[in-house]
$ cat my_file_6.cif   # mmCIF, C-alpha atoms
data_query
loop_
_atom_site.label_atom_id
_atom_site.label_comp_id
_atom_site.auth_asym_id
_atom_site.auth_seq_id
_atom_site.Cartn_x
_atom_site.Cartn_y
_atom_site.Cartn_z
CA MET A 269 -60.50 -5.15 -15.53
CA ILE A 270 -58.58 -4.47 -18.76
CA GLN A 271 -58.65 -0.71 -18.08
CA ARG A 272 -56.45 -1.23 -15.02
CA ILE A 273 -53.65 -3.00 -16.91
CA ILE A 274 -53.94 -1.52 -20.42
CA ILE A 275 -50.45 0.05 -20.30
CA LEU A 276 -48.92 -3.24 -19.16
CA ILE A 277 -50.73 -5.05 -21.98
CA PHE A 278 -49.32 -2.61 -24.56
CA ILE A 279 -45.81 -3.21 -23.19
CA LEU A 280 -46.18 -7.01 -23.26
CA ILE A 281 -47.38 -6.95 -26.85
CA LEU A 282 -45.34 -4.18 -28.45
CA LEU A 283 -41.86 -4.55 -26.94
CA PRO A 284 -41.23 -8.11 -28.22
CA GLU A 285 -42.37 -7.02 -31.69
CA PHE A 286 -40.04 -4.02 -31.73
CA TYR A 287 -37.16 -6.11 -30.40
CA SER A 288 -37.69 -8.83 -32.99
CA SER A 289 -37.87 -6.26 -35.78
CA LEU A 290 -34.67 -4.62 -34.55
CA ILE A 291 -32.72 -7.86 -34.20
CA HIS A 292 -33.80 -9.25 -37.56
CA ARG A 293 -33.89 -5.98 -39.52
CA LYS A 294 -31.23 -7.21 -42.01
CA ARG A 295 -33.13 -10.44 -42.63
CA HIS A 296 -36.34 -8.49 -43.19
CA ALA A 297 -34.73 -5.82 -45.37
CA SER A 298 -35.64 -7.65 -48.59
CA TRP A 299 -39.24 -8.29 -47.55
CA PRO A 300 -41.95 -6.47 -49.50
CA GLN A 301 -43.93 -3.87 -47.58
CA TRP A 302 -47.08 -6.00 -47.40
CA ARG A 303 -45.17 -8.83 -45.73
CA ARG A 304 -43.71 -6.49 -43.12
CA LEU A 305 -47.18 -5.16 -42.33
CA LEU A 306 -48.60 -8.68 -42.19
CA ARG A 307 -45.99 -9.60 -39.59
CA TRP A 308 -47.47 -6.95 -37.28
CA LEU A 309 -51.05 -8.08 -37.84
CA PRO A 310 -51.43 -10.40 -34.77
CA ALA A 311 -50.06 -7.76 -32.41
CA THR A 312 -52.23 -5.08 -34.01
CA ILE A 313 -55.37 -7.19 -33.64
CA MET A 314 -54.55 -7.85 -29.97
CA LEU A 315 -54.03 -4.15 -29.32
CA ILE A 316 -57.34 -3.26 -30.96
CA ILE A 317 -59.15 -5.88 -28.86
CA ALA A 318 -57.43 -4.58 -25.71
CA VAL A 319 -58.65 -1.05 -26.40
CA TRP A 320 -62.15 -2.35 -27.21
CA LEU A 321 -62.30 -4.29 -23.93
CA ALA A 322 -61.02 -1.28 -22.00
CA LEU A 323 -63.71 1.11 -23.28
CA PRO A 324 -66.77 0.02 -21.21
CA SER A 325 -67.10 1.42 -17.70
CA GLU A 326 -67.96 -2.00 -16.30
CA PHE A 327 -65.21 -3.99 -14.61
CA ILE A 328 -65.96 -7.01 -16.78
CA PRO A 329 -68.40 -7.35 -19.73
CA GLU A 330 -71.56 -9.41 -19.45
CA GLU A 331 -70.40 -11.54 -22.39
CA THR A 332 -66.98 -12.84 -21.36
CA THR A 333 -66.03 -15.05 -24.33
CA LEU A 334 -63.88 -12.42 -26.06
CA LEU A 335 -62.27 -11.33 -22.78
CA PHE A 336 -61.24 -14.84 -21.77
CA ALA A 337 -59.98 -15.64 -25.28
CA PHE A 338 -57.91 -12.44 -25.23
CA VAL A 339 -56.40 -13.17 -21.81
CA GLY A 340 -55.69 -16.77 -22.82
CA ILE A 341 -53.84 -15.75 -26.00
CA LEU A 342 -51.97 -13.04 -24.12
CA CYS A 343 -50.74 -15.52 -21.51
CA THR A 344 -49.92 -18.44 -23.81
CA ILE A 345 -48.28 -16.53 -26.68
CA PHE A 346 -47.42 -12.90 -25.97
CA ILE A 347 -46.17 -13.17 -22.39
CA PRO A 348 -43.85 -16.09 -23.32
CA ARG A 349 -42.50 -13.93 -26.17
CA PHE A 350 -41.88 -11.10 -23.71
CA PHE A 351 -39.80 -13.34 -21.46
CA TYR A 352 -37.95 -14.70 -24.49
CA MET A 353 -37.07 -11.09 -25.33
CA LEU A 354 -35.78 -10.39 -21.81
CA SER A 355 -33.65 -13.54 -21.83
CA SER A 356 -32.28 -12.67 -25.27
CA ILE A 357 -31.34 -9.16 -24.13
CA VAL A 358 -29.52 -10.51 -21.08
CA GLY A 359 -27.78 -13.13 -23.23
CA ARG A 360 -26.71 -10.50 -25.74
CA ALA A 361 -25.26 -8.36 -22.93
CA VAL A 362 -23.31 -11.35 -21.56
CA LYS A 363 -22.09 -12.20 -25.04
CA ILE A 364 -20.74 -8.66 -25.54
CA MET A 365 -19.08 -8.51 -22.11
CA ARG A 366 -17.41 -11.90 -22.54
CA HIS A 367 -16.66 -11.40 -26.22
CA GLY A 368 -18.51 -14.60 -26.97
CA SER A 369 -19.71 -15.86 -30.32
CA LYS A 370 -23.15 -17.12 -29.36
CA ASN A 371 -26.13 -15.66 -27.53
CA TRP A 372 -27.14 -18.43 -25.12
CA GLY A 373 -29.96 -16.22 -23.90
CA ASN A 374 -31.91 -17.17 -27.02
CA LEU A 375 -31.84 -20.85 -26.06
CA VAL A 376 -32.70 -20.12 -22.42
CA GLY A 377 -35.46 -17.77 -23.56
CA PHE A 378 -36.88 -20.36 -25.95
CA ILE A 379 -37.04 -22.98 -23.18
CA LEU A 380 -38.53 -20.43 -20.77
CA ALA A 381 -41.15 -19.37 -23.33
CA ILE A 382 -42.18 -22.98 -23.95
CA MET A 383 -42.52 -23.60 -20.22
CA ILE A 384 -44.57 -20.45 -19.63
CA GLY A 385 -46.77 -21.14 -22.64
CA ALA A 386 -47.40 -24.74 -21.60
CA ALA A 387 -48.15 -23.74 -18.00
CA SER A 388 -50.57 -21.07 -19.20
CA LEU A 389 -52.31 -23.49 -21.54
CA TYR A 390 -52.74 -25.96 -18.68
CA GLY A 391 -53.93 -23.19 -16.38
CA PHE A 392 -56.67 -22.13 -18.77
CA THR A 393 -57.84 -25.60 -19.82
CA ILE A 394 -57.22 -28.43 -17.35
CA GLY A 395 -56.54 -26.54 -14.11
CA PRO A 396 -59.94 -24.82 -13.67
CA ASN A 397 -61.84 -28.07 -14.25
CA ARG A 398 -60.18 -30.11 -11.54
CA LEU A 399 -61.63 -30.33 -8.02
CA LYS A 400 -60.33 -31.60 -4.71
CA VAL A 401 -61.94 -32.23 -1.34
CA LYS A 402 -59.75 -30.91 1.46
CA HIS A 403 -60.23 -32.21 5.02
CA ILE A 404 -59.42 -30.16 8.13
CA ASP A 405 -59.76 -31.01 11.82
CA ILE A 406 -60.23 -28.26 14.42
CA THR A 407 -60.19 -28.90 18.18
CA SER A 408 -61.52 -26.39 20.69
CA PRO A 409 -62.21 -26.47 24.44
CA ARG A 410 -65.23 -24.22 23.85
CA LEU A 411 -67.00 -26.66 21.55
CA PRO A 412 -69.81 -28.49 23.40
CA GLU A 413 -69.42 -32.25 23.61
CA ALA A 414 -72.72 -32.68 21.76
CA PHE A 415 -71.05 -31.13 18.69
CA ASP A 416 -67.96 -33.34 18.78
CA GLY A 417 -67.46 -34.59 15.23
CA TYR A 418 -69.66 -31.85 13.73
CA ARG A 419 -68.89 -31.48 10.01
CA ILE A 420 -68.98 -28.20 8.07
CA LEU A 421 -68.75 -28.07 4.28
CA HIS A 422 -67.04 -24.82 3.37
CA PHE A 423 -67.00 -23.61 -0.23
CA THR A 424 -66.51 -20.16 -1.69
CA ASP A 425 -65.81 -17.97 -4.74
CA ILE A 426 -67.54 -20.05 -7.37
CA HIS A 427 -67.93 -17.04 -9.72
CA LEU A 428 -70.78 -18.50 -11.75
CA GLY A 429 -70.37 -15.89 -14.48
CA SER A 430 -67.11 -17.59 -15.48
CA ALA A 431 -68.10 -21.19 -14.70
CA ARG A 432 -69.05 -24.06 -16.98
CA GLN A 433 -72.28 -25.93 -16.36
CA SER A 434 -70.44 -29.25 -16.18
CA PHE A 435 -68.00 -27.95 -13.58
CA VAL A 436 -70.75 -26.49 -11.39
CA LYS A 437 -72.49 -29.87 -11.48
CA LYS A 438 -69.23 -31.50 -10.39
CA VAL A 439 -68.93 -29.08 -7.45
CA VAL A 440 -72.54 -29.60 -6.36
CA ASP A 441 -72.25 -33.39 -6.66
CA SER A 442 -69.11 -33.36 -4.55
CA ILE A 443 -70.70 -31.13 -1.90
CA CYS A 444 -73.76 -33.36 -1.66
CA SER A 445 -71.66 -36.50 -1.41
CA GLN A 446 -69.91 -35.26 1.75
CA HIS A 447 -73.15 -35.39 3.83
CA ALA A 448 -72.00 -32.54 6.07
CA ASP A 449 -74.09 -31.28 8.98
CA MET A 450 -73.93 -27.76 7.66
CA VAL A 451 -72.86 -26.00 4.45
CA ALA A 452 -71.19 -22.57 4.55
CA PHE A 453 -70.69 -20.41 1.45
CA THR A 454 -68.49 -17.37 1.98
CA GLY A 455 -69.24 -15.18 -1.00
CA ASP A 456 -68.56 -14.30 -4.62
CA LEU A 457 -71.36 -16.31 -6.13
CA LEU A 458 -71.14 -14.18 -9.28
CA ASN A 459 -68.79 -11.85 -11.16
CA VAL A 460 -70.84 -8.70 -11.68
CA HIS A 461 -74.43 -9.20 -12.85
CA PRO A 462 -77.28 -11.04 -11.07
CA ASN A 463 -78.37 -12.59 -14.36
CA GLU A 464 -75.24 -14.76 -14.25
CA LEU A 465 -77.07 -16.89 -11.67
CA TYR A 466 -80.16 -17.72 -13.72
CA ARG A 467 -78.91 -20.81 -15.55
CA PHE A 468 -77.42 -22.27 -12.37
CA ILE A 469 -80.25 -21.79 -9.89
CA ASN A 470 -81.73 -25.29 -10.23
CA GLU A 471 -78.28 -26.82 -9.87
CA MET A 472 -77.44 -24.79 -6.77
CA LYS A 473 -80.80 -25.67 -5.21
CA ARG A 474 -79.52 -29.25 -4.85
CA ILE A 475 -77.08 -28.14 -2.14
CA SER A 476 -78.56 -28.95 1.25
CA ALA A 477 -77.60 -30.04 4.76
CA PRO A 478 -79.50 -31.10 7.91
CA ASP A 479 -78.72 -27.82 9.70
CA GLY A 480 -78.96 -25.67 6.57
CA VAL A 481 -76.90 -23.84 3.97
CA PHE A 482 -75.60 -20.49 5.24
CA SER A 483 -74.20 -17.74 3.07
CA VAL A 484 -72.72 -14.25 3.09
CA LEU A 485 -72.03 -11.86 0.21
CA GLY A 486 -68.60 -11.32 -1.27
CA ASN A 487 -67.31 -8.14 -2.90
CA HIS A 488 -68.41 -9.35 -6.35
CA ASP A 489 -71.95 -10.01 -5.12
CA TYR A 490 -72.57 -6.30 -4.65
CA SER A 491 -72.75 -3.67 -7.40
CA PHE A 492 -69.20 -2.36 -7.00
CA TYR A 493 -68.13 -3.46 -10.49
CA GLN A 494 -71.22 -2.57 -12.52
CA GLY A 495 -69.95 0.70 -13.92
CA ASN A 496 -71.93 3.93 -14.17
CA ILE A 497 -75.48 2.93 -13.32
CA ASP A 498 -78.22 4.59 -11.28
CA ASP A 499 -78.21 3.99 -7.55
CA ALA A 500 -81.72 2.56 -7.80
CA ILE A 501 -80.45 -0.09 -10.21
CA ARG A 502 -77.52 -0.87 -7.93
CA ILE A 503 -79.81 -1.41 -4.98
CA ALA A 504 -82.20 -3.52 -7.07
CA ASN A 505 -79.33 -5.71 -8.34
CA GLU A 506 -77.98 -6.31 -4.84
CA ARG A 507 -81.43 -7.19 -3.57
CA GLU A 508 -81.88 -9.60 -6.45
CA VAL A 509 -78.70 -11.49 -5.53
CA VAL A 510 -79.99 -11.94 -1.98
CA SER A 511 -83.40 -12.96 -3.30
CA ARG A 512 -81.91 -15.54 -5.65
CA GLU A 513 -79.80 -17.09 -2.90
CA GLN A 514 -82.88 -17.33 -0.73
CA GLN A 515 -84.71 -18.87 -3.69
CA MET A 516 -82.01 -21.56 -3.72
CA GLY A 517 -82.92 -22.37 -0.11
CA TRP A 518 -79.88 -20.71 1.43
CA THR A 519 -79.99 -18.74 4.68
CA MET A 520 -78.41 -15.33 4.19
CA LEU A 521 -76.44 -14.12 7.20
CA ASN A 522 -75.76 -10.53 6.23
CA ASN A 523 -74.63 -8.91 9.49
CA SER A 524 -76.75 -11.35 11.47
CA HIS A 525 -76.53 -14.67 13.29
CA THR A 526 -78.50 -17.78 14.16
CA THR A 527 -78.06 -20.79 16.43
CA ILE A 528 -77.85 -24.55 15.98
CA SER A 529 -78.80 -26.93 18.76
CA ARG A 530 -77.96 -30.47 19.76
CA GLY A 531 -80.06 -31.38 22.76
CA ASN A 532 -79.41 -28.74 25.39
CA GLU A 533 -76.23 -27.53 23.73
CA THR A 534 -76.04 -24.61 21.27
CA ILE A 535 -73.51 -23.03 18.92
CA VAL A 536 -73.73 -19.72 17.07
CA VAL A 537 -73.40 -19.33 13.30
CA ALA A 538 -72.80 -15.70 12.32
CA GLY A 539 -72.25 -13.97 9.02
CA MET A 540 -70.70 -10.55 8.48
CA GLU A 541 -70.97 -8.79 5.15
CA ASN A 542 -67.85 -8.03 3.14
CA TYR A 543 -65.23 -6.11 5.14
CA GLY A 544 -61.82 -5.73 3.52
CA LYS A 545 -59.00 -3.24 3.00
CA LYS A 546 -60.96 -1.00 0.62
CA GLU A 547 -63.17 1.26 2.69
CA LYS A 548 -65.62 1.92 -0.14
CA GLN A 549 -66.39 -1.82 -0.29
CA ARG A 550 -66.99 -2.29 3.44
CA ARG A 551 -70.51 -3.40 4.26
CA GLY A 552 -69.73 -5.48 7.32
CA ASP A 553 -70.84 -4.47 10.80
CA ILE A 554 -69.52 -6.74 13.54
CA ASN A 555 -71.74 -5.19 16.22
CA ASN A 556 -74.93 -5.84 14.28
CA THR A 557 -73.69 -9.29 13.34
CA LEU A 558 -73.30 -10.45 16.94
CA GLU A 559 -75.90 -8.27 18.64
CA GLY A 560 -77.71 -10.47 21.11
CA ALA A 561 -75.49 -13.50 20.50
CA PRO A 562 -74.37 -15.26 23.72
CA LYS A 563 -70.64 -14.66 24.16
CA ASP A 564 -70.11 -17.89 26.03
CA LYS A 565 -71.21 -20.00 23.06
CA PHE A 566 -68.91 -21.51 20.45
CA THR A 567 -69.19 -19.23 17.39
CA ILE A 568 -68.61 -19.89 13.71
CA MET A 569 -68.17 -16.70 11.67
CA LEU A 570 -68.66 -16.44 7.91
CA GLU A 571 -66.78 -13.48 6.40
CA HIS A 572 -65.73 -13.24 2.75
CA ASP A 573 -62.50 -11.28 3.16
CA PRO A 574 -59.90 -12.81 5.53
CA TRP A 575 -58.47 -9.32 6.16
CA ALA A 576 -61.31 -8.83 8.65
CA TRP A 577 -60.09 -11.70 10.84
CA ARG A 578 -56.96 -10.03 12.24
CA ASN A 579 -58.37 -6.50 12.06
CA ILE A 580 -61.98 -6.85 13.24
CA ILE A 581 -62.82 -10.34 14.47
CA LEU A 582 -59.70 -11.59 16.27
CA PRO A 583 -58.92 -8.51 18.45
CA ASP A 584 -62.04 -9.04 20.54
CA SER A 585 -62.09 -12.83 20.29
CA LEU A 586 -65.48 -12.64 18.63
CA ALA A 587 -65.38 -16.02 16.90
CA ASP A 588 -63.85 -19.43 17.51
CA VAL A 589 -63.75 -20.39 13.83
CA THR A 590 -63.86 -17.91 10.94
CA LEU A 591 -64.43 -19.10 7.37
CA SER A 592 -63.27 -16.92 4.47
CA GLY A 593 -62.37 -16.96 0.79
CA HIS A 594 -61.71 -13.99 -1.49
CA THR A 595 -58.03 -14.62 -2.29
CA HIS A 596 -58.54 -17.76 -4.44
CA GLY A 597 -55.11 -18.75 -3.13
CA GLY A 598 -53.78 -16.54 -5.89
CA GLN A 599 -55.15 -19.13 -8.37
CA MET A 600 -51.51 -20.09 -8.84
CA SER A 601 -48.98 -21.81 -6.61
CA LEU A 602 -45.45 -22.77 -7.62
CA PHE A 603 -43.25 -24.55 -5.08
CA GLY A 604 -45.60 -23.36 -2.35
CA LEU A 605 -45.29 -19.72 -3.40
CA ARG A 606 -48.48 -17.80 -4.23
CA PRO A 607 -48.82 -14.23 -5.56
CA THR A 608 -51.31 -13.41 -2.79
CA MET A 609 -48.61 -14.07 -0.17
CA LEU A 610 -47.08 -10.70 -1.12
CA LYS A 611 -50.06 -8.68 0.11
CA GLU A 612 -52.11 -10.91 2.41
CA PRO A 613 -50.83 -12.27 5.75
CA ASP A 614 -53.59 -14.91 5.72
CA ASP A 615 -54.02 -15.77 2.05
CA TYR A 616 -54.68 -19.52 2.06
CA GLY A 617 -55.09 -22.41 4.49
CA LEU A 618 -55.74 -22.81 8.21
CA TYR A 619 -54.47 -20.20 10.67
CA HIS A 620 -54.52 -20.42 14.47
CA LYS A 621 -54.05 -17.68 17.05
CA ASP A 622 -55.24 -17.29 20.65
CA ASN A 623 -57.53 -20.34 20.48
CA ALA A 624 -59.22 -18.90 17.37
CA TYR A 625 -59.03 -20.37 13.88
CA LEU A 626 -59.30 -18.96 10.38
CA ASN A 627 -59.76 -21.11 7.31
CA VAL A 628 -59.13 -19.37 4.01
CA SER A 629 -60.30 -21.57 1.16
CA GLY A 630 -58.84 -21.27 -2.31
CA GLY A 631 -62.39 -21.49 -3.64
CA THR A 632 -63.76 -23.24 -6.67
CA GLY A 633 -63.60 -20.53 -9.33
CA GLY A 634 -62.38 -17.09 -10.25
CA LEU A 635 -63.18 -14.04 -12.32
CA VAL A 636 -60.75 -15.39 -14.93
CA PRO A 637 -61.00 -19.21 -15.16
CA PHE A 638 -57.31 -19.97 -14.57
CA ARG A 639 -55.74 -22.39 -12.08
CA LEU A 640 -52.14 -23.52 -11.89
CA GLY A 641 -50.98 -25.43 -8.82
CA MET A 642 -53.99 -24.15 -6.86
CA THR A 643 -56.68 -26.73 -7.55
CA PRO A 644 -60.31 -25.63 -7.03
CA GLU A 645 -61.48 -27.02 -3.70
CA ILE A 646 -64.25 -27.60 -1.26
CA VAL A 647 -63.29 -28.00 2.40
CA VAL A 648 -64.74 -30.40 4.95
CA ILE A 649 -64.06 -29.13 8.47
CA THR A 650 -64.60 -31.56 11.35
CA LEU A 651 -64.94 -29.97 14.79
CA HIS A 652 -63.67 -31.77 17.89
CA SER A 653 -64.29 -30.92 21.50
CA SER A 654 -61.28 -31.21 23.79
CA LYS A 655 -63.80 -31.74 26.62
CA LYS A 656 -64.68 -35.15 25.25
CA ARG A 657 -62.61 -38.00 26.60
#

$ encode --input "my_file_6.cif" --output "structure tokens"
Amino acid sequence: MIQRIIILIFILILLPEFYSSLIHRKRHASWPQWRRLLRWLPATIMLIIAVWLALPSEFIPEETTLLFAFVGILCTIFIPRFFYMLSSIVGRAVKIMRHGSKNWGNLVGFILAIMIGAASLYGFTIGPNRLKVKHIDITSPRLPEAFDGYRILHFTDIHLGSARQSFVKKVVDSICSQHADMVAFTGDLLNVHPNELYRFINEMKRISAPDGVFSVLGNHDYSFYQGNIDDAIRIANEREVVSREQQMGWTMLNNSHTTISRGNETIVVAGMENYGKKEKQRRGDINNTLEGAPKDKFTIMLEHDPWAWRNIILPDSLADVTLSGHTHGGQMSLFGLRPTMLKEPDDYGLYHKDNAYLNVSGGTGGLVPFRLGMTPEIVVITLHSSKKR
């Protein structure tokens, strides 16, 4: 992860230091050499850690404590300093153009830095530990009357490798308290390594529902981010993830489907493996997923990446309701604006087109445990039949 943004990290750390040294060079002129060097010590330590974290071939290390501490310090201290620098530069330019006597950019930058630092601190401490239960109602003429009022608990992207035991317990307790007819998990149970699941297995086993717990794999549940390892190890790791989910009592729907009955009425629950923009991470096969499934039956599709909805699922009207995750809602929302809105047409919430629905949940976790304005969530979806009077 750090490898991909190492140049940006160097810019965020070094530029404010150079700018500060340049602006205050007269004040620092009388400083002894050791004091000048000491002033650069925090930035130097951060740069060394950044290089250290960027060296491994893995996307994220197995031990994440140092990584998360580094990212937290970067966001709460160094990024605010960077924006203070930008504001100060703009203020200095305005001061020169207007022949003013004071650089108001310093005051604006100070306020901006405090706001960014406080928001980051909240996002890394309080934000990831909150949880909300979101309720959605979906009405369809294809839903059999026997399933009117059917309740689905949808949760996704828990990323156990970054989760605290207490928070996972809170999520499981909340899921169990909803007493849904069915539970659907739409991928990213872990970050990278199957061993991240071990300490949570007993907790996750508590999740149950009358019609079962159904699951598909997300992009992080495969071996895409495990660095340079043998193919045999990759295959073994992926099989272990599936085995562990089955050990938890979950039904894996990897390019397959099943049915649920109420009397003489039936609905289809299907699950397609991850299918997103990146071709090398596509494991989904819609034909295998729905092979033999009755087309006249109401169908619920589990698919980790919502990109597949408009590009694979929706064109052939292959599902009435699709459940996805993957985006985490950007893990940040300010005034209704999310970073994922810039690259995803369906990044968060309920979407409706041609009598088909897509619910993209913001999920409960993330690779980096940060949440600001995008509270971790589980979603209770209640289905209604428009046939029922």

$ closest_residue --input "my_file_6.cif" --among "A:Gln271, A:Val358, A:Ser592, A:Thr608" --to "Ile317 of chain A" --atoms "all atoms listed in the file"
A:Gln271

$ residues_around --input "my_file_6.cif" --residues "segment 551-568 of chain A" --least-positions-apart "5" --cutoff "7 Å" --atoms "only C-alpha atoms" --output "ChimeraX atom specification"
/A:410-411,523-525,534-543,587-590

$ atom_distance --input "my_file_6.cif" --atom1 "atom CA of Phe392 of chain A" --atom2 "atom CA of Thr333 of chain A"
13.0 Å

$ residues_around --input "my_file_6.cif" --residues "Ser430 of chain A" --least-positions-apart "6" --cutoff "10 Å" --atoms "only C-alpha atoms" --output "JSON, numbers by chain"
{"A": [331, 332, 333, 336, 458, 459, 464, 633, 634, 635, 636, 637]}

$ write_last_selection --input "my_file_6.cif" --atoms "C-alpha atoms" --output "mmCIF file, keeping the file's coordinate frame"
data_model
loop_
_atom_site.group_PDB
_atom_site.id
_atom_site.type_symbol
_atom_site.label_atom_id
_atom_site.label_comp_id
_atom_site.auth_asym_id
_atom_site.auth_seq_id
_atom_site.Cartn_x
_atom_site.Cartn_y
_atom_site.Cartn_z
ATOM 1 C CA GLU A 331 -70.400 -11.540 -22.390
ATOM 2 C CA THR A 332 -66.980 -12.840 -21.360
ATOM 3 C CA THR A 333 -66.030 -15.050 -24.330
ATOM 4 C CA PHE A 336 -61.240 -14.840 -21.770
ATOM 5 C CA LEU A 458 -71.140 -14.180 -9.280
ATOM 6 C CA ASN A 459 -68.790 -11.850 -11.160
ATOM 7 C CA GLU A 464 -75.240 -14.760 -14.250
ATOM 8 C CA GLY A 633 -63.600 -20.530 -9.330
ATOM 9 C CA GLY A 634 -62.380 -17.090 -10.250
ATOM 10 C CA LEU A 635 -63.180 -14.040 -12.320
ATOM 11 C CA VAL A 636 -60.750 -15.390 -14.930
ATOM 12 C CA PRO A 637 -61.000 -19.210 -15.160
#

$ resolve_selection --input "my_file_6.cif" --expression "the PyMOL selection byres ((chain A and resi 638) around 12)" --output "number ranges by chain"
A: 336-337, 339-340, 343-344, 387-398, 430-431, 596-601, 632-637, 639-644

$ resolve_selection --input "my_file_6.cif" --expression "the PyMOL selection byres ((chain A and resi 512) around 12)" --output "ChimeraX atom specification"
/A:457-458,462-470,472-473,483,489,505-511,513-520

$ atom_distance --input "my_file_6.cif" --atom1 "atom CA of Pro478 of chain A" --atom2 "atom CA of Glu645 of chain A"
21.8 Å

$ residues_around --input "my_file_6.cif" --residues "Tyr616 of chain A" --least-positions-apart "6" --cutoff "10 Å" --atoms "only C-alpha atoms" --output "MDAnalysis selection string"
chainID A and resid 574 592:598 606 608:609 626:631

$ resolve_selection --input "my_file_6.cif" --expression "the PyMOL selection byres ((chain A and resi 362-379) around 12)" --output "list in words"
Ser288, Ile291, Ile347, Pro348, Arg349, Phe350, Phe351, Tyr352, Met353, Leu354, Ser355, Ser356, Ile357, Val358, Gly359, Arg360, Ala361, Leu380, Ala381, Ile382, Met383, Ile384, Gly385 and Ala386 of chain A

$ closest_residue --input "my_file_6.cif" --among "A:Ala452, A:Leu610, A:Ile649, A:Ile581" --to "Thr407 of chain A" --atoms "all atoms listed in the file"
A:Ile649

$ closest_residue --input "my_file_6.cif" --among "A:Ile281, A:Pro607, A:Ala322, A:Asp614" --to "Asn579 of chain A" --atoms "only C-alpha atoms"
A:Asp614

$ build_atoms --input "my_file_6.cif" --residues "segment 476-489 of chain A" --atoms "N, CA and C atoms" --output "mmCIF file, in the coordinates of the input"
data_model
loop_
_atom_site.group_PDB
_atom_site.id
_atom_site.type_symbol
_atom_site.label_atom_id
_atom_site.label_comp_id
_atom_site.auth_asym_id
_atom_site.auth_seq_id
_atom_site.Cartn_x
_atom_site.Cartn_y
_atom_site.Cartn_z
ATOM 1 N N SER A 476 -77.774 -28.967 0.011
ATOM 2 C CA SER A 476 -78.560 -28.950 1.250
ATOM 3 C C SER A 476 -77.766 -29.625 2.363
ATOM 4 N N ALA A 477 -78.228 -29.415 3.592
ATOM 5 C CA ALA A 477 -77.600 -30.040 4.760
ATOM 6 C C ALA A 477 -78.640 -30.057 5.878
ATOM 7 N N PRO A 478 -78.516 -30.997 6.820
ATOM 8 C CA PRO A 478 -79.500 -31.100 7.910
ATOM 9 C C PRO A 478 -79.706 -29.794 8.678
ATOM 10 N N ASP A 479 -78.599 -29.066 8.936
ATOM 11 C CA ASP A 479 -78.720 -27.820 9.700
ATOM 12 C C ASP A 479 -78.799 -26.583 8.808
ATOM 13 N N GLY A 480 -78.765 -26.784 7.488
ATOM 14 C CA GLY A 480 -78.960 -25.670 6.570
ATOM 15 C C GLY A 480 -77.724 -25.274 5.790
ATOM 16 N N VAL A 481 -77.964 -24.437 4.787
ATOM 17 C CA VAL A 481 -76.900 -23.840 3.970
ATOM 18 C C VAL A 481 -76.875 -22.350 4.304
ATOM 19 N N PHE A 482 -75.731 -21.878 4.806
ATOM 20 C CA PHE A 482 -75.600 -20.490 5.240
ATOM 21 C C PHE A 482 -74.652 -19.743 4.308
ATOM 22 N N SER A 483 -74.967 -18.486 4.064
ATOM 23 C CA SER A 483 -74.200 -17.740 3.070
ATOM 24 C C SER A 483 -74.033 -16.281 3.470
ATOM 25 N N VAL A 484 -72.923 -15.692 3.007
ATOM 26 C CA VAL A 484 -72.720 -14.250 3.090
ATOM 27 C C VAL A 484 -72.327 -13.757 1.696
ATOM 28 N N LEU A 485 -72.389 -12.453 1.502
ATOM 29 C CA LEU A 485 -72.030 -11.860 0.210
ATOM 30 C C LEU A 485 -70.546 -11.539 0.162
ATOM 31 N N GLY A 486 -69.970 -11.724 -1.032
ATOM 32 C CA GLY A 486 -68.600 -11.320 -1.270
ATOM 33 C C GLY A 486 -68.569 -10.005 -2.022
ATOM 34 N N ASN A 487 -67.392 -9.447 -2.231
ATOM 35 C CA ASN A 487 -67.310 -8.140 -2.900
ATOM 36 C C ASN A 487 -67.913 -8.149 -4.303
ATOM 37 N N HIS A 488 -67.840 -9.277 -4.997
ATOM 38 C CA HIS A 488 -68.410 -9.350 -6.350
ATOM 39 C C HIS A 488 -69.922 -9.542 -6.346
ATOM 40 N N ASP A 489 -70.506 -9.822 -5.207
ATOM 41 C CA ASP A 489 -71.950 -10.010 -5.120
ATOM 42 C C ASP A 489 -72.697 -8.690 -4.953
#
